[in-house]
Structures are given as structure tokens and as C-alpha cells.
$ cat protein.csv   # CSV, N, CA and C atoms
chain,number,residue,atom,x,y,z
O,1,MET,N,-15.4,-61.7,36.1
O,1,MET,CA,-14.0,-62.0,36.2
O,1,MET,C,-13.4,-61.9,34.8
O,2,ASN,N,-12.5,-61.0,34.6
O,2,ASN,CA,-11.8,-60.9,33.3
O,2,ASN,C,-10.6,-61.7,33.2
O,3,GLY,N,-10.2,-62.4,34.3
O,3,GLY,CA,-9.1,-63.3,34.2
O,3,GLY,C,-7.7,-62.6,34.3
O,4,LEU,N,-7.7,-61.3,34.5
O,4,LEU,CA,-6.4,-60.6,34.5
O,4,LEU,C,-6.0,-60.3,36.0
O,5,ILE,N,-4.7,-60.5,36.2
O,5,ILE,CA,-4.1,-60.1,37.5
O,5,ILE,C,-3.2,-58.9,37.2
O,6,GLU,N,-3.3,-57.8,38.0
O,6,GLU,CA,-2.5,-56.6,37.8
O,6,GLU,C,-1.6,-56.3,39.0
O,7,THR,N,-0.4,-56.0,38.7
O,7,THR,CA,0.6,-55.6,39.7
O,7,THR,C,1.1,-54.3,39.3
O,8,ASN,N,1.1,-53.3,40.2
O,8,ASN,CA,1.5,-52.0,39.9
O,8,ASN,C,2.9,-51.7,40.5
O,9,GLY,N,3.7,-50.9,39.8
O,9,GLY,CA,5.0,-50.4,40.3
O,9,GLY,C,5.1,-49.0,40.1
O,10,THR,N,5.9,-48.3,40.9
O,10,THR,CA,6.1,-46.9,40.8
O,10,THR,C,7.5,-46.6,40.6
O,11,GLY,N,7.8,-45.4,40.0
O,11,GLY,CA,9.2,-45.0,39.8
O,11,GLY,C,10.0,-45.8,38.8
O,12,THR,N,9.3,-46.4,37.9
O,12,THR,CA,10.0,-47.2,36.9
O,12,THR,C,9.3,-47.0,35.5
O,13,THR,N,10.0,-47.4,34.5
O,13,THR,CA,9.5,-47.3,33.1
O,13,THR,C,9.1,-48.6,32.6
O,14,VAL,N,8.4,-48.6,31.5
O,14,VAL,CA,8.0,-49.8,30.8
O,14,VAL,C,9.2,-50.6,30.4
O,15,ALA,N,10.2,-49.9,29.8
O,15,ALA,CA,11.4,-50.5,29.3
O,15,ALA,C,12.2,-51.2,30.4
O,16,SER,N,12.3,-50.5,31.5
O,16,SER,CA,13.1,-51.1,32.6
O,16,SER,C,12.4,-52.3,33.2
O,17,ALA,N,11.0,-52.2,33.3
O,17,ALA,CA,10.3,-53.3,33.8
O,17,ALA,C,10.4,-54.5,32.9
O,18,ALA,N,10.3,-54.3,31.6
O,18,ALA,CA,10.5,-55.4,30.6
O,18,ALA,C,11.9,-56.0,30.8
O,19,ASP,N,12.9,-55.2,30.9
O,19,ASP,CA,14.3,-55.7,31.1
O,19,ASP,C,14.4,-56.5,32.4
O,20,ARG,N,13.8,-56.1,33.5
O,20,ARG,CA,13.8,-56.9,34.7
O,20,ARG,C,13.1,-58.2,34.5
O,21,LEU,N,12.0,-58.2,33.8
O,21,LEU,CA,11.3,-59.4,33.6
O,21,LEU,C,12.1,-60.4,32.7
O,22,LEU,N,12.7,-59.9,31.7
O,22,LEU,CA,13.5,-60.8,30.8
O,22,LEU,C,14.7,-61.4,31.6
O,23,ILE,N,15.3,-60.6,32.4
O,23,ILE,CA,16.4,-61.1,33.2
O,23,ILE,C,15.9,-62.2,34.1
O,24,ALA,N,14.8,-62.0,34.7
O,24,ALA,CA,14.2,-63.1,35.6
O,24,ALA,C,13.9,-64.3,34.9
O,25,ILE,N,13.3,-64.2,33.7
O,25,ILE,CA,12.9,-65.4,32.9
O,25,ILE,C,14.2,-66.1,32.4
O,26,GLU,N,15.1,-65.3,31.9
O,26,GLU,CA,16.3,-66.0,31.4
O,26,GLU,C,17.2,-66.6,32.5
O,27,GLY,N,17.0,-66.1,33.7
O,27,GLY,CA,17.8,-66.6,34.8
O,27,GLY,C,17.1,-67.8,35.5
O,28,ASN,N,16.0,-68.3,35.0
O,28,ASN,CA,15.3,-69.4,35.5
O,28,ASN,C,15.3,-70.5,34.5
O,29,GLU,N,16.1,-71.6,34.9
O,29,GLU,CA,16.3,-72.7,33.9
O,29,GLU,C,15.0,-73.4,33.5
O,30,LYS,N,13.9,-73.2,34.3
O,30,LYS,CA,12.6,-73.9,33.9
O,30,LYS,C,11.8,-73.1,32.9
O,31,LEU,N,12.2,-71.8,32.7
O,31,LEU,CA,11.4,-71.0,31.9
O,31,LEU,C,12.1,-70.8,30.5
O,32,ARG,N,11.3,-70.5,29.5
O,32,ARG,CA,11.8,-70.2,28.2
O,32,ARG,C,11.2,-69.0,27.7
O,33,HIS,N,12.0,-68.0,27.3
O,33,HIS,CA,11.5,-66.8,26.7
O,33,HIS,C,11.2,-67.1,25.2
O,34,ILE,N,10.0,-66.8,24.8
O,34,ILE,CA,9.5,-67.1,23.5
O,34,ILE,C,9.6,-65.9,22.6
O,35,ALA,N,9.1,-64.8,23.0
O,35,ALA,CA,9.1,-63.6,22.2
O,35,ALA,C,8.8,-62.3,23.0
O,36,THR,N,9.3,-61.2,22.5
O,36,THR,CA,8.9,-59.9,23.0
O,36,THR,C,8.3,-59.1,21.9
O,37,VAL,N,7.2,-58.5,22.2
O,37,VAL,CA,6.5,-57.7,21.2
O,37,VAL,C,6.4,-56.3,21.8
O,38,ASP,N,6.9,-55.3,21.1
O,38,ASP,CA,6.8,-53.9,21.5
O,38,ASP,C,5.7,-53.3,20.6
O,39,HIS,N,4.5,-53.3,21.2
O,39,HIS,CA,3.4,-52.8,20.4
O,39,HIS,C,3.5,-51.3,20.0
O,40,SER,N,4.2,-50.5,20.8
O,40,SER,CA,4.4,-49.1,20.5
O,40,SER,C,5.2,-49.0,19.2
O,41,LYS,N,6.3,-49.8,19.1
O,41,LYS,CA,7.1,-49.8,17.8
O,41,LYS,C,6.2,-50.2,16.6
O,42,GLY,N,5.4,-51.2,16.8
O,42,GLY,CA,4.5,-51.6,15.8
O,42,GLY,C,3.6,-50.5,15.3
O,43,ALA,N,3.0,-49.8,16.3
O,43,ALA,CA,2.2,-48.6,16.0
O,43,ALA,C,3.0,-47.6,15.2
O,44,ALA,N,4.2,-47.3,15.7
O,44,ALA,CA,5.0,-46.3,15.0
O,44,ALA,C,5.3,-46.7,13.6
O,45,SER,N,5.4,-48.0,13.3
O,45,SER,CA,5.8,-48.4,12.0
O,45,SER,C,4.7,-48.1,11.0
O,46,VAL,N,3.5,-47.8,11.5
O,46,VAL,CA,2.4,-47.4,10.6
O,46,VAL,C,1.9,-46.0,10.9
O,47,GLU,N,2.8,-45.2,11.5
O,47,GLU,CA,2.7,-43.8,11.8
O,47,GLU,C,1.5,-43.5,12.7
O,48,LEU,N,1.3,-44.4,13.7
O,48,LEU,CA,0.3,-44.2,14.8
O,48,LEU,C,1.1,-44.2,16.1
O,49,GLU,N,0.5,-43.6,17.1
O,49,GLU,CA,1.1,-43.4,18.4
O,49,GLU,C,0.4,-44.4,19.4
O,50,LEU,N,1.2,-45.0,20.2
O,50,LEU,CA,0.7,-45.8,21.3
O,50,LEU,C,1.6,-45.6,22.5
O,51,GLU,N,1.1,-45.4,23.6
O,51,GLU,CA,1.9,-45.3,24.8
O,51,GLU,C,2.7,-46.6,25.0
O,52,PRO,N,3.8,-46.5,25.7
O,52,PRO,CA,4.7,-47.7,25.8
O,52,PRO,C,3.9,-48.9,26.2
O,53,THR,N,4.0,-50.0,25.4
O,53,THR,CA,3.2,-51.2,25.6
O,53,THR,C,4.1,-52.4,25.1
O,54,ILE,N,4.6,-53.2,26.1
O,54,ILE,CA,5.4,-54.3,25.7
O,54,ILE,C,4.8,-55.6,26.3
O,55,GLU,N,4.8,-56.6,25.4
O,55,GLU,CA,4.2,-57.9,25.8
O,55,GLU,C,5.4,-59.0,25.7
O,56,ILE,N,5.6,-59.7,26.8
O,56,ILE,CA,6.6,-60.7,26.8
O,56,ILE,C,6.0,-62.1,26.9
O,57,PHE,N,6.3,-63.0,26.0
O,57,PHE,CA,5.8,-64.4,26.0
O,57,PHE,C,6.9,-65.3,26.5
O,58,PHE,N,6.5,-66.2,27.4
O,58,PHE,CA,7.4,-67.2,28.0
O,58,PHE,C,6.6,-68.4,28.5
O,59,GLY,N,7.3,-69.4,28.8
O,59,GLY,CA,6.6,-70.6,29.3
O,59,GLY,C,7.5,-71.6,30.0
O,60,ASN,N,6.9,-72.5,30.7
O,60,ASN,CA,7.5,-73.7,31.3
O,60,ASN,C,6.8,-74.9,30.7
O,61,PRO,N,7.5,-75.5,29.7
O,61,PRO,CA,6.9,-76.6,29.0
O,61,PRO,C,6.4,-77.8,29.9
O,62,ALA,N,7.1,-78.0,31.0
O,62,ALA,CA,6.7,-79.0,32.0
O,62,ALA,C,5.3,-78.8,32.6
O,63,LEU,N,5.0,-77.5,32.8
O,63,LEU,CA,3.7,-77.2,33.4
O,63,LEU,C,2.7,-77.0,32.4
O,64,GLY,N,3.0,-76.2,31.3
O,64,GLY,CA,2.0,-76.0,30.2
O,64,GLY,C,1.5,-77.2,29.6
O,65,THR,N,2.4,-78.2,29.4
O,65,THR,CA,2.0,-79.5,28.8
O,65,THR,C,0.9,-80.2,29.6
O,66,ILE,N,1.1,-80.1,31.0
O,66,ILE,CA,0.1,-80.8,31.8
O,66,ILE,C,-1.3,-80.1,31.6
O,67,LEU,N,-1.3,-78.8,31.5
O,67,LEU,CA,-2.6,-78.1,31.2
O,67,LEU,C,-3.2,-78.5,29.9
O,68,MET,N,-2.3,-78.6,28.9
O,68,MET,CA,-2.8,-79.0,27.6
O,68,MET,C,-3.2,-80.5,27.5
O,69,GLN,N,-2.6,-81.3,28.3
O,69,GLN,CA,-3.1,-82.7,28.4
O,69,GLN,C,-4.5,-82.8,29.0
O,70,ALA,N,-4.7,-81.9,30.0
O,70,ALA,CA,-6.0,-81.9,30.6
O,70,ALA,C,-7.1,-81.3,29.7
O,71,ALA,N,-6.7,-80.3,28.8
O,71,ALA,CA,-7.6,-79.7,27.8
O,71,ALA,C,-6.8,-79.1,26.8
O,72,ARG,N,-6.8,-79.7,25.6
O,72,ARG,CA,-5.9,-79.2,24.5
O,72,ARG,C,-6.2,-77.8,24.2
O,73,THR,N,-7.4,-77.3,24.4
O,73,THR,CA,-7.8,-75.9,24.1
O,73,THR,C,-7.0,-74.9,24.9
O,74,ALA,N,-6.4,-75.4,26.0
O,74,ALA,CA,-5.6,-74.5,26.9
O,74,ALA,C,-4.4,-73.9,26.1
O,75,ALA,N,-4.1,-74.6,25.0
O,75,ALA,CA,-2.9,-74.1,24.2
O,75,ALA,C,-3.2,-72.7,23.7
O,76,ILE,N,-4.4,-72.3,23.5
O,76,ILE,CA,-4.7,-70.9,23.0
O,76,ILE,C,-4.3,-69.9,24.0
O,77,ASP,N,-4.2,-70.2,25.3
O,77,ASP,CA,-3.8,-69.3,26.3
O,77,ASP,C,-2.3,-69.5,26.8
O,78,LEU,N,-1.6,-70.4,26.0
O,78,LEU,CA,-0.2,-70.6,26.4
O,78,LEU,C,0.6,-70.3,25.1
O,79,PRO,N,1.9,-70.0,25.2
O,79,PRO,CA,2.6,-69.8,26.5
O,79,PRO,C,2.1,-68.6,27.3
O,80,GLN,N,2.5,-68.5,28.5
O,80,GLN,CA,2.2,-67.4,29.3
O,80,GLN,C,2.7,-66.1,28.7
O,81,LYS,N,2.1,-65.0,29.1
O,81,LYS,CA,2.5,-63.7,28.7
O,81,LYS,C,2.3,-62.7,29.7
O,82,MET,N,3.1,-61.7,29.7
O,82,MET,CA,2.9,-60.5,30.6
O,82,MET,C,2.9,-59.3,29.7
O,83,LEU,N,1.9,-58.4,30.0
O,83,LEU,CA,1.8,-57.1,29.4
O,83,LEU,C,2.2,-56.0,30.3
O,84,ILE,N,3.1,-55.2,29.8
O,84,ILE,CA,3.6,-54.1,30.6
O,84,ILE,C,3.3,-52.8,30.0
O,85,THR,N,2.6,-51.9,30.7
O,85,THR,CA,2.1,-50.6,30.2
O,85,THR,C,2.5,-49.5,31.2
O,86,ASP,N,2.4,-48.3,30.7
O,86,ASP,CA,2.6,-47.2,31.5
O,86,ASP,C,1.4,-46.9,32.3
O,87,SER,N,1.5,-46.7,33.6
O,87,SER,CA,0.3,-46.5,34.4
O,87,SER,C,-0.3,-45.1,34.3
O,88,GLY,N,0.5,-44.2,33.8
O,88,GLY,CA,0.0,-42.8,33.6
O,88,GLY,C,0.4,-41.9,34.8
O,89,ASP,N,0.9,-42.5,35.9
O,89,ASP,CA,1.3,-41.7,37.1
O,89,ASP,C,2.7,-42.0,37.5
O,90,GLY,N,3.6,-42.2,36.5
O,90,GLY,CA,5.0,-42.4,36.9
O,90,GLY,C,5.4,-43.8,37.2
O,91,GLY,N,4.5,-44.8,36.8
O,91,GLY,CA,4.8,-46.2,37.1
O,91,GLY,C,4.4,-47.0,36.0
O,92,VAL,N,4.3,-48.3,36.3
O,92,VAL,CA,3.9,-49.3,35.3
O,92,VAL,C,2.8,-50.2,35.9
O,93,ARG,N,2.1,-50.8,34.9
O,93,ARG,CA,1.1,-51.9,35.2
O,93,ARG,C,1.7,-53.1,34.5
O,94,VAL,N,1.7,-54.2,35.3
O,94,VAL,CA,2.1,-55.5,34.8
O,94,VAL,C,0.9,-56.4,34.9
O,95,LEU,N,0.5,-56.9,33.7
O,95,LEU,CA,-0.8,-57.8,33.7
O,95,LEU,C,-0.4,-59.1,33.2
O,96,HIS,N,-1.1,-60.1,33.7
O,96,HIS,CA,-1.0,-61.5,33.2
O,96,HIS,C,-2.3,-62.2,33.5
O,97,ASN,N,-2.5,-63.3,32.7
O,97,ASN,CA,-3.7,-64.1,32.9
O,97,ASN,C,-3.6,-64.9,34.2
O,98,ASP,N,-4.7,-65.0,34.9
O,98,ASP,CA,-4.8,-65.8,36.1
O,98,ASP,C,-4.9,-67.3,35.7
O,99,PRO,N,-4.0,-68.1,36.2
O,99,PRO,CA,-4.1,-69.6,35.8
O,99,PRO,C,-5.4,-70.2,36.2
O,100,ALA,N,-6.1,-69.7,37.3
O,100,ALA,CA,-7.4,-70.2,37.7
O,100,ALA,C,-8.4,-69.9,36.6
O,101,TYR,N,-8.3,-68.7,36.0
O,101,TYR,CA,-9.2,-68.4,35.0
O,101,TYR,C,-9.0,-69.2,33.7
O,102,ILE,N,-7.7,-69.5,33.4
O,102,ILE,CA,-7.4,-70.4,32.3
O,102,ILE,C,-8.0,-71.8,32.5
O,103,ALA,N,-7.9,-72.3,33.7
O,103,ALA,CA,-8.4,-73.6,34.1
O,103,ALA,C,-10.0,-73.6,33.9
O,104,GLU,N,-10.6,-72.5,34.5
O,104,GLU,CA,-12.0,-72.5,34.4
O,104,GLU,C,-12.5,-72.3,32.9
O,105,ARG,N,-11.8,-71.5,32.2
O,105,ARG,CA,-12.2,-71.3,30.8
O,105,ARG,C,-12.1,-72.6,30.0
O,106,HIS,N,-11.2,-73.5,30.3
O,106,HIS,CA,-11.0,-74.7,29.5
O,106,HIS,C,-11.5,-76.0,30.2
O,107,GLY,N,-12.2,-75.8,31.3
O,107,GLY,CA,-12.8,-77.0,32.0
O,107,GLY,C,-11.8,-77.8,32.7
O,108,ILE,N,-10.7,-77.2,33.2
O,108,ILE,CA,-9.6,-78.0,33.8
O,108,ILE,C,-9.9,-77.9,35.3
O,109,ALA,N,-9.7,-79.1,36.0
O,109,ALA,CA,-9.9,-79.1,37.4
O,109,ALA,C,-9.0,-78.1,38.1
O,110,SER,N,-9.7,-77.3,39.1
O,110,SER,CA,-9.0,-76.2,39.7
O,110,SER,C,-7.9,-76.7,40.7
O,111,ASP,N,-7.9,-78.0,41.0
O,111,ASP,CA,-6.8,-78.5,41.9
O,111,ASP,C,-5.7,-79.2,41.2
O,112,LEU,N,-5.6,-79.0,39.8
O,112,LEU,CA,-4.5,-79.6,39.1
O,112,LEU,C,-3.2,-78.9,39.6
O,113,PRO,N,-2.2,-79.8,40.0
O,113,PRO,CA,-1.0,-79.3,40.7
O,113,PRO,C,-0.3,-78.1,40.0
O,114,PRO,N,-0.1,-78.1,38.7
O,114,PRO,CA,0.6,-77.0,38.1
O,114,PRO,C,0.0,-75.6,38.3
O,115,LEU,N,-1.3,-75.5,38.6
O,115,LEU,CA,-2.0,-74.2,38.7
O,115,LEU,C,-1.4,-73.4,39.8
O,116,GLU,N,-1.2,-74.0,41.0
O,116,GLU,CA,-0.7,-73.3,42.1
O,116,GLU,C,0.8,-72.8,41.8
O,117,VAL,N,1.6,-73.7,41.2
O,117,VAL,CA,3.0,-73.3,40.9
O,117,VAL,C,3.0,-72.2,39.9
O,118,MET,N,2.1,-72.2,38.9
O,118,MET,CA,2.0,-71.2,37.9
O,118,MET,C,1.6,-69.9,38.5
O,119,THR,N,0.6,-69.9,39.4
O,119,THR,CA,0.1,-68.7,40.1
O,119,THR,C,1.2,-68.0,40.9
O,120,ASN,N,1.9,-68.8,41.6
O,120,ASN,CA,3.0,-68.3,42.5
O,120,ASN,C,4.1,-67.7,41.6
O,121,ALA,N,4.5,-68.5,40.6
O,121,ALA,CA,5.6,-68.0,39.7
O,121,ALA,C,5.2,-66.7,38.9
O,122,LEU,N,4.0,-66.7,38.4
O,122,LEU,CA,3.6,-65.5,37.7
O,122,LEU,C,3.6,-64.3,38.6
O,123,GLN,N,3.1,-64.4,39.8
O,123,GLN,CA,3.1,-63.3,40.7
O,123,GLN,C,4.5,-62.8,41.1
O,124,SER,N,5.4,-63.8,41.3
O,124,SER,CA,6.7,-63.4,41.6
O,124,SER,C,7.4,-62.7,40.5
O,125,LEU,N,7.2,-63.1,39.2
O,125,LEU,CA,7.7,-62.5,38.0
O,125,LEU,C,7.1,-61.1,37.9
O,126,ALA,N,5.8,-60.9,38.1
O,126,ALA,CA,5.2,-59.6,38.0
O,126,ALA,C,5.7,-58.7,39.0
O,127,ASN,N,6.0,-59.2,40.3
O,127,ASN,CA,6.6,-58.3,41.3
O,127,ASN,C,8.0,-57.8,40.9
O,128,VAL,N,8.8,-58.7,40.3
O,128,VAL,CA,10.1,-58.4,39.8
O,128,VAL,C,10.0,-57.3,38.8
O,129,ALA,N,9.1,-57.5,37.8
O,129,ALA,CA,9.0,-56.6,36.7
O,129,ALA,C,8.5,-55.2,37.2
O,130,ALA,N,7.6,-55.2,38.1
O,130,ALA,CA,7.0,-53.9,38.6
O,130,ALA,C,8.0,-53.3,39.6
O,131,GLY,N,9.0,-54.0,40.1
O,131,GLY,CA,9.9,-53.4,41.1
O,131,GLY,C,9.3,-53.3,42.5
O,132,VAL,N,8.4,-54.3,42.8
O,132,VAL,CA,7.8,-54.3,44.2
O,132,VAL,C,8.3,-55.5,45.0
$ encode --input "protein.csv" --output "C-alpha cells"
Amino acid sequence: MNGLIETNGTGTTVASAADRLLIAIEGNEKLRHIATVDHSKGAASVELELEPTIEIFFGNPALGTILMQAARTAAIDLPQKMLITDSGDGGVRVLHNDPAYIAERHGIASDLPPLEVMTNALQSLANVAAGV
């Protein structure tokens, strides 16, 4: 298990998927947008090429704090992030860490209440970004 969950969308671009994700994050009072990293622009700044690759960092402090209280090392995997890349066939791939994997990685009980909330929220956000 690599701990990644992938959602695929067709007929959309990386930029439009990132825009949809940002709108969804900013429209949710429980979430905070932390940063957006356009890895393709970073590559271009050193005269290298990289297919469109955008990573968006965001979090819900009320949920993330509970994970870090259970295991401070969980902070290395927080805040949450989504990676949006070109699928190569006219669509996008939206990837994020599986909260169950984060829990397992840090020895957090799998029945900790925020994990289910995080799982559902992340999948909902991934669907919005992918346009599914």
C-alpha cells in the first residue's frame, strides 16, 4: 500500500481542476488554504520541462490537531495536500494521502473519529477537482 488515493477526471485541465479545488477549499469555513505549488513553473525557472503538476496544501486544524495529539509525528503528513497532474489522455489525476495510511504510518488507532471525516472530505474534494 503506497497510501495514495487517485481520482481521475476527463475533459479537464490541471489548471481548471486546481481552480475548482481552490474554490471548494475557500468555500468551506472549516478548511484553510495553506499554499499552492506549481511544480511546472518551478521546473521552468531552471530551464527544465515538467508536464503540468500542481500541489495544493490545505487543512482543517480541528481535525489535524486530533491526529497530532494522538501522534505528534503525524505533523509530517499534515496539512493535507492534493497533487493534480495531467493524465496523458485528455484528463487529470488527483491524488491525496489516505488518512488510514497516515494513521497506520504513525501508530494512530484506526477508529479515531477524525479519520472517517477526513476520508470523506478528501474524496469529495478530489471529485470536485476531477470534475466527477
$ closest_atom_pairs --input "protein.csv" --of "stretch 73-111 of chain O" --to "stretch 14-22 of chain O" --cutoff "10 Å" --atoms "only C-alpha atoms" --output "Markdown table"
| residue | atom | partner | partner_atom | distance |
| --- | --- | --- | --- | --- |
| O:Met82 | CA | O:Leu21 | CA | 9.0 |
| O:Leu83 | CA | O:Ala18 | CA | 8.9 |
| O:Ile84 | CA | O:Val14 | CA | 6.2 |
| O:Thr85 | CA | O:Val14 | CA | 6.0 |
| O:Asp86 | CA | O:Val14 | CA | 6.0 |
| O:Ser87 | CA | O:Val14 | CA | 9.1 |
| O:Gly91 | CA | O:Val14 | CA | 7.9 |
| O:Val92 | CA | O:Val14 | CA | 6.1 |
| O:Arg93 | CA | O:Val14 | CA | 8.4 |
| O:Val94 | CA | O:Ala17 | CA | 8.5 |
$ atom_distance --input "protein.csv" --atom1 "atom C of O:Ala121" --atom2 "atom C of O:Asp38"
22.7 Å
$ closest_residue --input "protein.csv" --among "O:Lys41, O:Thr7, O:Gly90, O:Phe57" --to "O:Leu78" --atoms "only N, CA and C atoms"
O:Phe57
$ atom_distance --input "protein.csv" --atom1 "atom N of O:Glu49" --atom2 "atom CA of O:Val37"
15.9 Å
$ residues_near_point --input "protein.csv" --point "(-2.7, -71.9, 38.2)" --cutoff "6 Å" --atoms "only N, CA and C atoms" --output "PyMOL selection string"
chain O and resi 98-100+114-119
$ closest_residue --input "protein.csv" --among "O:Ala74, O:Lys81, O:Ile66, O:Asp89" --to "O:Ile102" --atoms "all atoms listed in the file"
O:Ala74
$ select_by_dssp --input "protein.csv" --residues "chain O" --states "alpha helix (DSSP H)" --output "PyMOL selection string"
chain O and resi 14-26+39-45+61-70+99-105+113-130
$ select_by_dssp --input "protein.csv" --residues "stretch 49-101 of chain O" --states "strand (DSSP E)" --output "list in words"
Thr53, Ile54, Glu55, Ile56, Phe57, Phe58, Gly59, Gln80, Lys81, Met82, Leu83, Ile84, Thr85, Asp86, Gly91, Val92, Arg93, Val94, Leu95, His96 and Asn97 of chain O
$ write_last_selection --input "protein.csv" --atoms "N, CA and C atoms" --output "JSON list (two decimals), keeping the file's coordinate frame"
[["chain", "number", "residue", "atom", "x", "y", "z"],
["O", 53, "THR", "N", 4.00, -50.00, 25.40],
["O", 53, "THR", "CA", 3.20, -51.20, 25.60],
["O", 53, "THR", "C", 4.10, -52.40, 25.10],
["O", 54, "ILE", "N", 4.60, -53.20, 26.10],
["O", 54, "ILE", "CA", 5.40, -54.30, 25.70],
["O", 54, "ILE", "C", 4.80, -55.60, 26.30],
["O", 55, "GLU", "N", 4.80, -56.60, 25.40],
["O", 55, "GLU", "CA", 4.20, -57.90, 25.80],
["O", 55, "GLU", "C", 5.40, -59.00, 25.70],
["O", 56, "ILE", "N", 5.60, -59.70, 26.80],
["O", 56, "ILE", "CA", 6.60, -60.70, 26.80],
["O", 56, "ILE", "C", 6.00, -62.10, 26.90],
["O", 57, "PHE", "N", 6.30, -63.00, 26.00],
["O", 57, "PHE", "CA", 5.80, -64.40, 26.00],
["O", 57, "PHE", "C", 6.90, -65.30, 26.50],
["O", 58, "PHE", "N", 6.50, -66.20, 27.40],
["O", 58, "PHE", "CA", 7.40, -67.20, 28.00],
["O", 58, "PHE", "C", 6.60, -68.40, 28.50],
["O", 59, "GLY", "N", 7.30, -69.40, 28.80],
["O", 59, "GLY", "CA", 6.60, -70.60, 29.30],
["O", 59, "GLY", "C", 7.50, -71.60, 30.00],
["O", 80, "GLN", "N", 2.50, -68.50, 28.50],
["O", 80, "GLN", "CA", 2.20, -67.40, 29.30],
["O", 80, "GLN", "C", 2.70, -66.10, 28.70],
["O", 81, "LYS", "N", 2.10, -65.00, 29.10],
["O", 81, "LYS", "CA", 2.50, -63.70, 28.70],
["O", 81, "LYS", "C", 2.30, -62.70, 29.70],
["O", 82, "MET", "N", 3.10, -61.70, 29.70],
["O", 82, "MET", "CA", 2.90, -60.50, 30.60],
["O", 82, "MET", "C", 2.90, -59.30, 29.70],
["O", 83, "LEU", "N", 1.90, -58.40, 30.00],
["O", 83, "LEU", "CA", 1.80, -57.10, 29.40],
["O", 83, "LEU", "C", 2.20, -56.00, 30.30],
["O", 84, "ILE", "N", 3.10, -55.20, 29.80],
["O", 84, "ILE", "CA", 3.60, -54.10, 30.60],
["O", 84, "ILE", "C", 3.30, -52.80, 30.00],
["O", 85, "THR", "N", 2.60, -51.90, 30.70],
["O", 85, "THR", "CA", 2.10, -50.60, 30.20],
["O", 85, "THR", "C", 2.50, -49.50, 31.20],
["O", 86, "ASP", "N", 2.40, -48.30, 30.70],
["O", 86, "ASP", "CA", 2.60, -47.20, 31.50],
["O", 86, "ASP", "C", 1.40, -46.90, 32.30],
["O", 91, "GLY", "N", 4.50, -44.80, 36.80],
["O", 91, "GLY", "CA", 4.80, -46.20, 37.10],
["O", 91, "GLY", "C", 4.40, -47.00, 36.00],
["O", 92, "VAL", "N", 4.30, -48.30, 36.30],
["O", 92, "VAL", "CA", 3.90, -49.30, 35.30],
["O", 92, "VAL", "C", 2.80, -50.20, 35.90],
["O", 93, "ARG", "N", 2.10, -50.80, 34.90],
["O", 93, "ARG", "CA", 1.10, -51.90, 35.20],
["O", 93, "ARG", "C", 1.70, -53.10, 34.50],
["O", 94, "VAL", "N", 1.70, -54.20, 35.30],
["O", 94, "VAL", "CA", 2.10, -55.50, 34.80],
["O", 94, "VAL", "C", 0.90, -56.40, 34.90],
["O", 95, "LEU", "N", 0.50, -56.90, 33.70],
["O", 95, "LEU", "CA", -0.80, -57.80, 33.70],
["O", 95, "LEU", "C", -0.40, -59.10, 33.20],
["O", 96, "HIS", "N", -1.10, -60.10, 33.70],
["O", 96, "HIS", "CA", -1.00, -61.50, 33.20],
["O", 96, "HIS", "C", -2.30, -62.20, 33.50],
["O", 97, "ASN", "N", -2.50, -63.30, 32.70],
["O", 97, "ASN", "CA", -3.70, -64.10, 32.90],
["O", 97, "ASN", "C", -3.60, -64.90, 34.20]]
$ atom_distance --input "protein.csv" --atom1 "atom CA of O:Leu31" --atom2 "atom CA of O:Gln69"
19.0 Å
